[in-house]
file coords35.tsv (TSV, C-alpha atoms)
chain	number	residue	atom	x	y	z
A	625	MET	CA	0.00	0.00	0.00
A	626	LEU	CA	1.33	3.43	-0.95
A	627	ASP	CA	0.94	6.69	0.85
A	628	GLU	CA	-0.62	8.95	-1.76
A	629	GLY	CA	-1.35	11.92	0.47
A	630	ASN	CA	-1.68	14.23	-2.53
A	631	ILE	CA	-4.64	12.21	-3.84
A	632	PRO	CA	-7.43	12.50	-1.25
A	633	GLY	CA	-9.61	9.38	-1.21
A	634	GLY	CA	-7.38	7.68	-3.79
A	635	PRO	CA	-6.54	8.36	-7.42
A	636	LEU	CA	-8.88	8.36	-10.40
A	637	VAL	CA	-7.61	5.78	-12.90
A	638	ALA	CA	-8.65	6.24	-16.54
A	639	ILE	CA	-8.60	2.86	-18.30
A	640	GLY	CA	-8.05	3.06	-22.05
A	641	SER	CA	-10.39	0.21	-22.90
A	642	ARG	CA	-13.82	-1.25	-22.38
A	643	ASN	CA	-12.59	-4.81	-22.90
A	644	PRO	CA	-13.56	-6.82	-19.77
A	645	ALA	CA	-10.21	-8.63	-19.47
A	646	LYS	CA	-8.33	-5.34	-19.57
A	647	THR	CA	-10.67	-3.37	-17.31
A	648	LYS	CA	-10.96	-6.17	-14.74
A	649	GLY	CA	-7.19	-6.59	-14.70
A	650	VAL	CA	-6.59	-2.90	-14.04
A	651	ARG	CA	-9.37	-2.81	-11.44
A	652	SER	CA	-7.79	-5.81	-9.70
A	653	VAL	CA	-4.23	-4.45	-9.47
A	654	PHE	CA	-4.55	-0.74	-8.67
A	655	PRO	CA	-6.40	-1.04	-5.33
A	656	GLU	CA	-3.62	-3.25	-3.98
A	657	PHE	CA	-1.32	-0.23	-4.10
A	658	PHE	CA	-3.74	2.71	-4.19
A	659	PRO	CA	-6.60	2.09	-1.74
A	660	GLY	CA	-9.75	4.04	-2.48
A	661	CYS	CA	-8.98	4.50	-6.16
A	662	THR	CA	-11.85	4.95	-8.58
A	663	PHE	CA	-12.03	4.11	-12.26
A	664	VAL	CA	-13.41	5.42	-15.52
A	665	GLU	CA	-13.35	3.42	-18.75
A	666	ILE	CA	-12.58	5.30	-21.96
A	667	ASP	CA	-13.24	3.92	-25.44
A	668	THR	CA	-9.90	4.13	-27.25
A	669	SER	CA	-10.76	2.07	-30.33
A	670	SER	CA	-10.34	5.15	-32.55
A	671	VAL	CA	-6.66	5.60	-31.61
A	672	VAL	CA	-5.25	2.07	-32.05
A	673	ARG	CA	-4.73	-0.59	-34.73
A	674	ALA	CA	-6.85	-3.74	-34.70
A	675	GLN	CA	-3.98	-6.29	-34.51
A	676	PRO	CA	-0.58	-4.87	-33.67
A	677	ILE	CA	2.40	-6.94	-34.73
A	678	GLY	CA	5.90	-6.04	-33.56
A	679	MET	CA	7.18	-4.32	-30.43
A	680	GLU	CA	6.80	-0.83	-31.90
A	681	GLN	CA	3.12	-1.31	-32.78
A	682	VAL	CA	2.20	-3.04	-29.51
A	683	LEU	CA	4.02	-0.47	-27.36
A	684	SER	CA	2.60	2.40	-29.40
A	685	GLY	CA	-0.93	1.03	-28.98
A	686	ALA	CA	-0.59	0.76	-25.21
A	687	SER	CA	0.91	4.25	-24.99
A	688	LYS	CA	-1.80	5.81	-27.18
A	689	ARG	CA	-4.51	4.15	-25.08
A	690	ALA	CA	-2.99	5.44	-21.82
A	691	LYS	CA	-2.45	8.99	-23.03
A	692	PHE	CA	-5.85	9.23	-24.70
A	693	ALA	CA	-7.64	7.88	-21.61
A	694	LEU	CA	-5.88	10.41	-19.40
A	695	SER	CA	-6.62	13.27	-21.84
A	696	GLN	CA	-10.33	12.40	-21.92
A	697	SER	CA	-10.70	12.35	-18.14
A	698	SER	CA	-9.67	14.23	-15.04
A	699	GLY	CA	-7.70	11.16	-14.02
A	700	ASP	CA	-4.54	10.89	-12.00
A	701	PHE	CA	-3.39	7.90	-14.08
A	702	GLY	CA	-4.10	6.73	-17.62
A	703	VAL	CA	-3.66	3.02	-18.31
A	704	GLY	CA	-3.30	1.43	-21.72
A	705	VAL	CA	-3.06	-2.31	-22.26
A	706	GLU	CA	-2.35	-3.71	-25.70
A	707	ALA	CA	-2.19	-7.34	-26.73
A	708	GLY	CA	0.01	-8.07	-29.69
A	709	ILE	CA	2.44	-10.37	-31.40
A	710	LEU	CA	6.21	-10.14	-31.29
A	711	SER	CA	8.58	-12.02	-33.57
A	712	ILE	CA	11.34	-13.67	-31.57
A	713	THR	CA	12.83	-15.51	-34.55
A	714	PRO	CA	11.76	-15.46	-38.21
A	715	ARG	CA	9.48	-18.46	-37.55
A	716	GLU	CA	8.57	-17.99	-33.87
A	717	HIS	CA	6.09	-15.43	-32.63
A	718	ILE	CA	4.70	-14.80	-29.17
A	719	ASN	CA	1.45	-13.23	-28.09
A	720	LEU	CA	1.76	-11.01	-25.03
A	721	GLN	CA	0.36	-7.87	-23.46
A	722	ILE	CA	2.07	-4.57	-22.77
A	723	ALA	CA	0.77	-2.00	-20.31
A	724	VAL	CA	1.72	1.66	-20.29
A	725	ILE	CA	0.73	3.81	-17.35
A	726	VAL	CA	1.05	7.60	-17.46
A	727	ASP	CA	0.31	10.07	-14.70
A	728	LYS	CA	-0.84	13.67	-14.88
A	729	GLU	CA	2.75	14.86	-14.30
A	730	GLY	CA	3.83	13.14	-17.52
A	731	ARG	CA	5.70	10.25	-15.91
A	732	SER	CA	5.25	6.77	-17.32
A	733	GLY	CA	5.87	3.11	-16.65
A	734	THR	CA	5.82	0.13	-18.99
A	735	GLY	CA	5.27	-3.54	-18.19
A	736	LEU	CA	4.98	-6.80	-20.09
A	737	SER	CA	3.06	-9.98	-19.38
A	738	CYS	CA	4.15	-13.52	-19.96
A	739	GLY	CA	3.82	-14.62	-23.56
A	740	PHE	CA	3.04	-17.76	-25.51
A	741	LEU	CA	4.03	-19.09	-28.92
A	742	ILE	CA	1.61	-18.74	-31.81
A	743	PRO	CA	2.04	-21.36	-34.55
A	744	ASP	CA	3.62	-19.78	-37.62
A	745	ARG	CA	0.76	-20.85	-39.91
A	746	PHE	CA	-1.61	-18.54	-37.97
A	747	ILE	CA	0.79	-15.62	-38.33
A	748	GLU	CA	0.86	-16.26	-42.08
A	749	LYS	CA	-2.96	-16.37	-42.19
A	750	MET	CA	-3.21	-13.14	-40.22
A	751	ARG	CA	-0.83	-11.36	-42.56
A	752	LYS	CA	-2.45	-12.76	-45.71
A	753	GLU	CA	-6.07	-12.25	-44.64
A	754	GLY	CA	-5.57	-9.12	-42.53
A	755	MET	CA	-7.46	-10.64	-39.60
A	756	GLU	CA	-6.88	-10.56	-35.84
A	757	LEU	CA	-5.64	-13.62	-33.98
A	758	ASP	CA	-9.04	-13.97	-32.27
A	759	ARG	CA	-10.50	-14.80	-35.70
A	760	TYR	CA	-8.61	-18.09	-35.57
A	761	SER	CA	-9.31	-18.93	-31.92
A	762	HIS	CA	-11.48	-21.98	-32.60
A	763	GLU	CA	-9.01	-23.42	-35.11
A	764	LEU	CA	-6.10	-22.79	-32.73
A	765	THR	CA	-7.71	-24.09	-29.53
A	766	GLY	CA	-10.65	-26.29	-30.50
A	767	ALA	CA	-12.81	-24.32	-28.05
A	768	GLU	CA	-16.33	-23.44	-29.16
A	769	ARG	CA	-16.43	-20.24	-27.11
A	770	ILE	CA	-13.62	-18.17	-25.65
A	771	SER	CA	-14.46	-15.45	-23.16
A	772	GLU	CA	-12.62	-12.13	-23.06
A	773	GLU	CA	-11.34	-12.93	-19.56
A	774	GLU	CA	-10.00	-16.36	-20.54
A	775	GLY	CA	-8.58	-15.54	-23.93
A	776	ILE	CA	-6.84	-17.98	-26.23
A	777	VAL	CA	-4.04	-18.38	-23.68
A	778	TYR	CA	-6.38	-20.08	-21.21
A	779	HIS	CA	-7.10	-22.86	-23.69
A	780	VAL	CA	-3.58	-23.36	-25.04
A	781	SER	CA	-2.15	-23.37	-21.47
A	782	LYS	CA	-4.82	-25.90	-20.39
A	783	GLY	CA	-6.24	-23.45	-17.85
A	784	ARG	CA	-2.93	-22.41	-16.25
A	785	VAL	CA	-2.97	-18.77	-17.44
A	786	SER	CA	-5.80	-16.46	-18.49
A	787	ARG	CA	-5.89	-13.22	-20.44
A	788	LEU	CA	-7.05	-11.52	-17.25
A	789	GLN	CA	-3.90	-12.76	-15.47
A	790	MET	CA	-1.74	-11.50	-18.33
A	791	THR	CA	-3.35	-8.07	-17.91
A	792	GLU	CA	-2.70	-8.15	-14.17
A	793	GLN	CA	0.94	-9.07	-14.83
A	794	CYS	CA	1.72	-6.26	-17.24
A	795	VAL	CA	-0.17	-3.63	-15.19
A	796	SER	CA	1.69	-4.71	-12.04
A	797	MET	CA	5.02	-4.37	-13.86
A	798	ALA	CA	4.10	-0.97	-15.30
A	799	LEU	CA	3.34	0.31	-11.78
A	800	ILE	CA	6.86	-0.44	-10.52
A	801	PRO	CA	8.14	3.16	-10.84
A	802	TRP	CA	5.37	4.39	-8.52
A	803	LEU	CA	6.03	1.52	-6.11
A	804	ASN	CA	9.70	2.51	-5.91
A	805	LYS	CA	9.54	6.29	-6.15
A	806	LYS	CA	13.04	6.97	-4.81
A	807	ALA	CA	14.76	4.55	-7.18
A	808	TYR	CA	12.83	5.89	-10.19
A	809	GLY	CA	12.99	9.56	-9.22
A	810	ILE	CA	9.26	9.98	-8.84
call {"tool": "encode", "arguments": {"input": "coords35.tsv", "output": "C-alpha cells"}}
result
Amino acid sequence: MLDEGNIPGGPLVAIGSRNPAKTKGVRSVFPEFFPGCTFVEIDTSSVVRAQPIGMEQVLSGASKRAKFALSQSSGDFGVGVEAGILSITPREHINLQIAVIVDKEGRSGTGLSCGFLIPDRFIEKMRKEGMELDRYSHELTGAERISEEEGIVYHVSKGRVSRLQMTEQCVSMALIPWLNKKAYGI
C-alpha cells in the first residue's frame, strides 16, 4: 500500500479500454497499491490498430490508449493495455500484453506480461487475410467459445494462465516506478 497523500480518497484511474479482461485486470491491481482508487473506462478504439504486430506497434498502442484515456478524463493515471504479437525468430512469434501507465505529471511506466508461442501458420494467415488472432481462436484451440477474460491463452495453457492474469501481470510491472519512487525519481 502506498501513501498517496496528494490524492485524497485515492486516485482516479482512466482505463483506455472497455474490454472486460483489460478493465478487470486494471481494477484488480490498482487497489492493492492505491486504496480508495476509482475508475473510468474510456473507449480508445479510434486511436489504435486492430492487430498490432511487432514491439513498436504493440508499445505504441498501449501508450496511445494510456495517453488518450488520461486526456479524456480528469484522471490521476491513464492506463493502456495492448495485446500483440512479437517475432522472436523469423518463424517464432509470441502473443503477449504490454501496459503503459502515465500520470498527470507526464511520468510513465511500462510492463509486459508472460507470452506464448503462436504457430507460424496462424501468423501467415493473419498477414495474408488481414485478420486478428481472435478470428482463428477456434481453429487454434478447438474451443467453441472463448471469453474475453479467458482468452486464447487459457485454452492453449490448459487453464494455467488467463488473459485476465496477463493483464494483471503487465499492469503490475508498469506500476513499478510508482512503487519505488526513490529509485525511479518519482
call {"tool": "residues_near_point", "arguments": {"input": "coords35.tsv", "point": "(-6.3, -6.3, -13.8)", "cutoff": "10 Å", "atoms": "only C-alpha atoms", "output": "PyMOL selection string"}}
result
chain A and resi 644-655+705+787-796
call {"tool": "residues_around", "arguments": {"input": "coords35.tsv", "residues": "Ile725 of chain A", "least_positions_apart": "2", "cutoff": "9 Å", "atoms": "all atoms listed in the file", "output": "JSON list (two decimals) with C-alpha atoms, in the frame of the given file"}}
result
[["chain", "number", "residue", "atom", "x", "y", "z"],
["A", 686, "ALA", "CA", -0.59, 0.76, -25.21],
["A", 687, "SER", "CA", 0.91, 4.25, -24.99],
["A", 690, "ALA", "CA", -2.99, 5.44, -21.82],
["A", 691, "LYS", "CA", -2.45, 8.99, -23.03],
["A", 701, "PHE", "CA", -3.39, 7.90, -14.08],
["A", 702, "GLY", "CA", -4.10, 6.73, -17.62],
["A", 703, "VAL", "CA", -3.66, 3.02, -18.31],
["A", 704, "GLY", "CA", -3.30, 1.43, -21.72],
["A", 705, "VAL", "CA", -3.06, -2.31, -22.26],
["A", 723, "ALA", "CA", 0.77, -2.00, -20.31],
["A", 727, "ASP", "CA", 0.31, 10.07, -14.70],
["A", 731, "ARG", "CA", 5.70, 10.25, -15.91],
["A", 732, "SER", "CA", 5.25, 6.77, -17.32],
["A", 733, "GLY", "CA", 5.87, 3.11, -16.65],
["A", 734, "THR", "CA", 5.82, 0.13, -18.99],
["A", 735, "GLY", "CA", 5.27, -3.54, -18.19],
["A", 795, "VAL", "CA", -0.17, -3.63, -15.19],
["A", 798, "ALA", "CA", 4.10, -0.97, -15.30],
["A", 799, "LEU", "CA", 3.34, 0.31, -11.78]]
call {"tool": "closest_residue", "arguments": {"input": "coords35.tsv", "among": "A:Val672, A:Leu757, A:Leu741, A:Leu694", "to": "Lys728 of chain A", "atoms": "only C-alpha atoms"}}
result
A:Leu694
call {"tool": "residues_around", "arguments": {"input": "coords35.tsv", "residues": "His779 of chain A", "least_positions_apart": "4", "cutoff": "12 Å", "atoms": "all atoms listed in the file", "output": "PDB file with C-alpha atoms, in the frame of the given file"}}
result
ATOM      1  CA  PHE A 740       3.040 -17.760 -25.510  1.00  0.00           C
ATOM      2  CA  SER A 761      -9.310 -18.930 -31.920  1.00  0.00           C
ATOM      3  CA  HIS A 762     -11.480 -21.980 -32.600  1.00  0.00           C
ATOM      4  CA  GLU A 763      -9.010 -23.420 -35.110  1.00  0.00           C
ATOM      5  CA  LEU A 764      -6.100 -22.790 -32.730  1.00  0.00           C
ATOM      6  CA  THR A 765      -7.710 -24.090 -29.530  1.00  0.00           C
ATOM      7  CA  GLY A 766     -10.650 -26.290 -30.500  1.00  0.00           C
ATOM      8  CA  ALA A 767     -12.810 -24.320 -28.050  1.00  0.00           C
ATOM      9  CA  GLU A 768     -16.330 -23.440 -29.160  1.00  0.00           C
ATOM     10  CA  ARG A 769     -16.430 -20.240 -27.110  1.00  0.00           C
ATOM     11  CA  ILE A 770     -13.620 -18.170 -25.650  1.00  0.00           C
ATOM     12  CA  SER A 771     -14.460 -15.450 -23.160  1.00  0.00           C
ATOM     13  CA  GLU A 773     -11.340 -12.930 -19.560  1.00  0.00           C
ATOM     14  CA  GLU A 774     -10.000 -16.360 -20.540  1.00  0.00           C
ATOM     15  CA  GLY A 775      -8.580 -15.540 -23.930  1.00  0.00           C
ATOM     16  CA  GLY A 783      -6.240 -23.450 -17.850  1.00  0.00           C
ATOM     17  CA  ARG A 784      -2.930 -22.410 -16.250  1.00  0.00           C
ATOM     18  CA  VAL A 785      -2.970 -18.770 -17.440  1.00  0.00           C
ATOM     19  CA  SER A 786      -5.800 -16.460 -18.490  1.00  0.00           C
ATOM     20  CA  ARG A 787      -5.890 -13.220 -20.440  1.00  0.00           C
TER      21      ARG A 787
END
call {"tool": "closest_residue", "arguments": {"input": "coords35.tsv", "among": "A:Val726, A:Met750, A:Ile800, A:Ala638", "to": "Glu665 of chain A", "atoms": "all atoms listed in the file"}}
result
A:Ala638
call {"tool": "atom_distance", "arguments": {"input": "coords35.tsv", "atom1": "atom CA of Asp700 of chain A", "atom2": "atom CA of Gln721 of chain A"}}
result
22.5 Å
call {"tool": "axis_aligned_box", "arguments": {"input": "coords35.tsv", "around": "segment 694-703 of chain A", "padding_each_side": "4 Å", "output": "JSON"}}
result
{"center_x": -7.0, "center_y": 8.6, "center_z": -17.0, "size_x": 15.3, "size_y": 19.2, "size_z": 17.9}
call {"tool": "closest_residue", "arguments": {"input": "coords35.tsv", "among": "A:Ser670, A:Pro801, A:Lys806, A:Glu716", "to": "Arg745 of chain A", "atoms": "all atoms listed in the file"}}
result
A:Glu716
call {"tool": "closest_residue", "arguments": {"input": "coords35.tsv", "among": "A:Gly708, A:Ser698, A:Glu729, A:Val780", "to": "Pro743 of chain A", "atoms": "only C-alpha atoms"}}
result
A:Val780
call {"tool": "atom_distance", "arguments": {"input": "coords35.tsv", "atom1": "atom CA of Ser711 of chain A", "atom2": "atom CA of Ile742 of chain A"}}
result
9.8 Å
call {"tool": "atom_distance", "arguments": {"input": "coords35.tsv", "atom1": "atom CA of Ala693 of chain A", "atom2": "atom CA of Gly640 of chain A"}}
result
4.9 Å
call {"tool": "residues_around", "arguments": {"input": "coords35.tsv", "residues": "Ala674 of chain A", "least_positions_apart": "6", "cutoff": "10 Å", "atoms": "all atoms listed in the file", "output": "PDB file with C-alpha atoms, in the coordinates of the input"}}
result
ATOM      1  CA  GLY A 685      -0.930   1.030 -28.980  1.00  0.00           C
ATOM      2  CA  ALA A 707      -2.190  -7.340 -26.730  1.00  0.00           C
ATOM      3  CA  GLY A 708       0.010  -8.070 -29.690  1.00  0.00           C
ATOM      4  CA  GLY A 754      -5.570  -9.120 -42.530  1.00  0.00           C
ATOM      5  CA  MET A 755      -7.460 -10.640 -39.600  1.00  0.00           C
ATOM      6  CA  GLU A 756      -6.880 -10.560 -35.840  1.00  0.00           C
ATOM      7  CA  LEU A 757      -5.640 -13.620 -33.980  1.00  0.00           C
TER       8      LEU A 757
END
call {"tool": "closest_residue", "arguments": {"input": "coords35.tsv", "among": "A:Tyr778, A:Phe657, A:Val724, A:Arg715", "to": "Gly739 of chain A", "atoms": "only C-alpha atoms"}}
result
A:Tyr778
call {"tool": "build_atoms", "arguments": {"input": "coords35.tsv", "residues": "segment 725-736 of chain A", "atoms": "all heavy atoms", "output": "PDB file, in the frame of the given file"}}
result
ATOM      1  N   ILE A 725       1.442   2.978 -18.306  1.00  0.00           N
ATOM      2  CA  ILE A 725       0.730   3.810 -17.350  1.00  0.00           C
ATOM      3  C   ILE A 725       1.383   5.188 -17.391  1.00  0.00           C
ATOM      4  O   ILE A 725       2.611   5.305 -17.343  1.00  0.00           O
ATOM      5  CB  ILE A 725       0.787   3.236 -15.921  1.00  0.00           C
ATOM      6  CG1 ILE A 725       0.145   1.850 -15.896  1.00  0.00           C
ATOM      7  CG2 ILE A 725       0.116   4.186 -14.925  1.00  0.00           C
ATOM      8  CD1 ILE A 725       0.283   1.115 -14.568  1.00  0.00           C
ATOM      9  N   VAL A 726       0.572   6.220 -17.517  1.00  0.00           N
ATOM     10  CA  VAL A 726       1.050   7.600 -17.460  1.00  0.00           C
ATOM     11  C   VAL A 726       0.324   8.308 -16.328  1.00  0.00           C
ATOM     12  O   VAL A 726      -0.814   7.955 -16.004  1.00  0.00           O
ATOM     13  CB  VAL A 726       0.829   8.349 -18.799  1.00  0.00           C
ATOM     14  CG1 VAL A 726       1.646   7.717 -19.911  1.00  0.00           C
ATOM     15  CG2 VAL A 726      -0.635   8.393 -19.191  1.00  0.00           C
ATOM     16  N   ASP A 727       0.998   9.279 -15.721  1.00  0.00           N
ATOM     17  CA  ASP A 727       0.310  10.070 -14.700  1.00  0.00           C
ATOM     18  C   ASP A 727       0.181  11.508 -15.178  1.00  0.00           C
ATOM     19  O   ASP A 727       0.721  11.872 -16.230  1.00  0.00           O
ATOM     20  CB  ASP A 727       0.989   9.955 -13.327  1.00  0.00           C
ATOM     21  CG  ASP A 727       2.359  10.603 -13.231  1.00  0.00           C
ATOM     22  OD1 ASP A 727       2.726  11.423 -14.110  1.00  0.00           O
ATOM     23  OD2 ASP A 727       3.075  10.297 -12.258  1.00  0.00           O
ATOM     24  N   LYS A 728      -0.551  12.310 -14.429  1.00  0.00           N
ATOM     25  CA  LYS A 728      -0.840  13.670 -14.880  1.00  0.00           C
ATOM     26  C   LYS A 728       0.385  14.571 -14.871  1.00  0.00           C
ATOM     27  O   LYS A 728       0.353  15.654 -15.433  1.00  0.00           O
ATOM     28  CB  LYS A 728      -1.999  14.266 -14.080  1.00  0.00           C
ATOM     29  CG  LYS A 728      -1.782  14.365 -12.614  1.00  0.00           C
ATOM     30  CD  LYS A 728      -3.054  14.839 -11.941  1.00  0.00           C
ATOM     31  CE  LYS A 728      -2.874  14.877 -10.429  1.00  0.00           C
ATOM     32  NZ  LYS A 728      -4.130  15.249  -9.778  1.00  0.00           N
ATOM     33  N   GLU A 729       1.491  14.110 -14.266  1.00  0.00           N
ATOM     34  CA  GLU A 729       2.750  14.860 -14.300  1.00  0.00           C
ATOM     35  C   GLU A 729       3.602  14.476 -15.510  1.00  0.00           C
ATOM     36  O   GLU A 729       4.706  14.963 -15.668  1.00  0.00           O
ATOM     37  CB  GLU A 729       3.548  14.640 -13.004  1.00  0.00           C
ATOM     38  CG  GLU A 729       3.051  15.464 -11.825  1.00  0.00           C
ATOM     39  CD  GLU A 729       1.797  14.852 -11.184  1.00  0.00           C
ATOM     40  OE1 GLU A 729       1.711  13.601 -11.122  1.00  0.00           O
ATOM     41  OE2 GLU A 729       0.916  15.612 -10.776  1.00  0.00           O
ATOM     42  N   GLY A 730       3.114  13.539 -16.319  1.00  0.00           N
ATOM     43  CA  GLY A 730       3.830  13.140 -17.520  1.00  0.00           C
ATOM     44  C   GLY A 730       4.796  11.987 -17.334  1.00  0.00           C
ATOM     45  O   GLY A 730       5.510  11.605 -18.263  1.00  0.00           O
ATOM     46  N   ARG A 731       4.823  11.407 -16.152  1.00  0.00           N
ATOM     47  CA  ARG A 731       5.700  10.250 -15.910  1.00  0.00           C
ATOM     48  C   ARG A 731       5.027   8.996 -16.439  1.00  0.00           C
ATOM     49  O   ARG A 731       3.801   8.936 -16.510  1.00  0.00           O
ATOM     50  CB  ARG A 731       5.980  10.129 -14.413  1.00  0.00           C
ATOM     51  CG  ARG A 731       6.682  11.377 -13.857  1.00  0.00           C
ATOM     52  CD  ARG A 731       6.791  11.341 -12.367  1.00  0.00           C
ATOM     53  NE  ARG A 731       5.465  11.389 -11.763  1.00  0.00           N
ATOM     54  CZ  ARG A 731       5.204  11.923 -10.573  1.00  0.00           C
ATOM     55  NH1 ARG A 731       6.178  12.448  -9.865  1.00  0.00           N
ATOM     56  NH2 ARG A 731       3.983  11.912 -10.083  1.00  0.00           N
ATOM     57  N   SER A 732       5.843   7.995 -16.773  1.00  0.00           N
ATOM     58  CA  SER A 732       5.250   6.770 -17.320  1.00  0.00           C
ATOM     59  C   SER A 732       6.002   5.535 -16.851  1.00  0.00           C
ATOM     60  O   SER A 732       7.151   5.604 -16.424  1.00  0.00           O
ATOM     61  CB  SER A 732       5.231   6.812 -18.848  1.00  0.00           C
ATOM     62  OG  SER A 732       6.544   6.796 -19.362  1.00  0.00           O
ATOM     63  N   GLY A 733       5.308   4.417 -16.935  1.00  0.00           N
ATOM     64  CA  GLY A 733       5.870   3.110 -16.650  1.00  0.00           C
ATOM     65  C   GLY A 733       5.365   2.129 -17.689  1.00  0.00           C
ATOM     66  O   GLY A 733       4.261   2.289 -18.211  1.00  0.00           O
ATOM     67  N   THR A 734       6.172   1.137 -17.987  1.00  0.00           N
ATOM     68  CA  THR A 734       5.820   0.130 -18.990  1.00  0.00           C
ATOM     69  C   THR A 734       6.037  -1.251 -18.394  1.00  0.00           C
ATOM     70  O   THR A 734       7.019  -1.475 -17.684  1.00  0.00           O
ATOM     71  CB  THR A 734       6.709   0.288 -20.242  1.00  0.00           C
ATOM     72  OG1 THR A 734       6.538   1.602 -20.763  1.00  0.00           O
ATOM     73  CG2 THR A 734       6.344  -0.731 -21.309  1.00  0.00           C
ATOM     74  N   GLY A 735       5.132  -2.167 -18.677  1.00  0.00           N
ATOM     75  CA  GLY A 735       5.270  -3.540 -18.190  1.00  0.00           C
ATOM     76  C   GLY A 735       4.784  -4.537 -19.225  1.00  0.00           C
ATOM     77  O   GLY A 735       3.910  -4.228 -20.040  1.00  0.00           O
ATOM     78  N   LEU A 736       5.348  -5.719 -19.178  1.00  0.00           N
ATOM     79  CA  LEU A 736       4.980  -6.800 -20.090  1.00  0.00           C
ATOM     80  C   LEU A 736       4.430  -7.979 -19.303  1.00  0.00           C
ATOM     81  O   LEU A 736       4.791  -8.183 -18.150  1.00  0.00           O
ATOM     82  CB  LEU A 736       6.193  -7.284 -20.891  1.00  0.00           C
ATOM     83  CG  LEU A 736       6.642  -6.420 -22.067  1.00  0.00           C
ATOM     84  CD1 LEU A 736       7.236  -5.123 -21.606  1.00  0.00           C
ATOM     85  CD2 LEU A 736       7.611  -7.182 -22.929  1.00  0.00           C
TER      86      LEU A 736
END
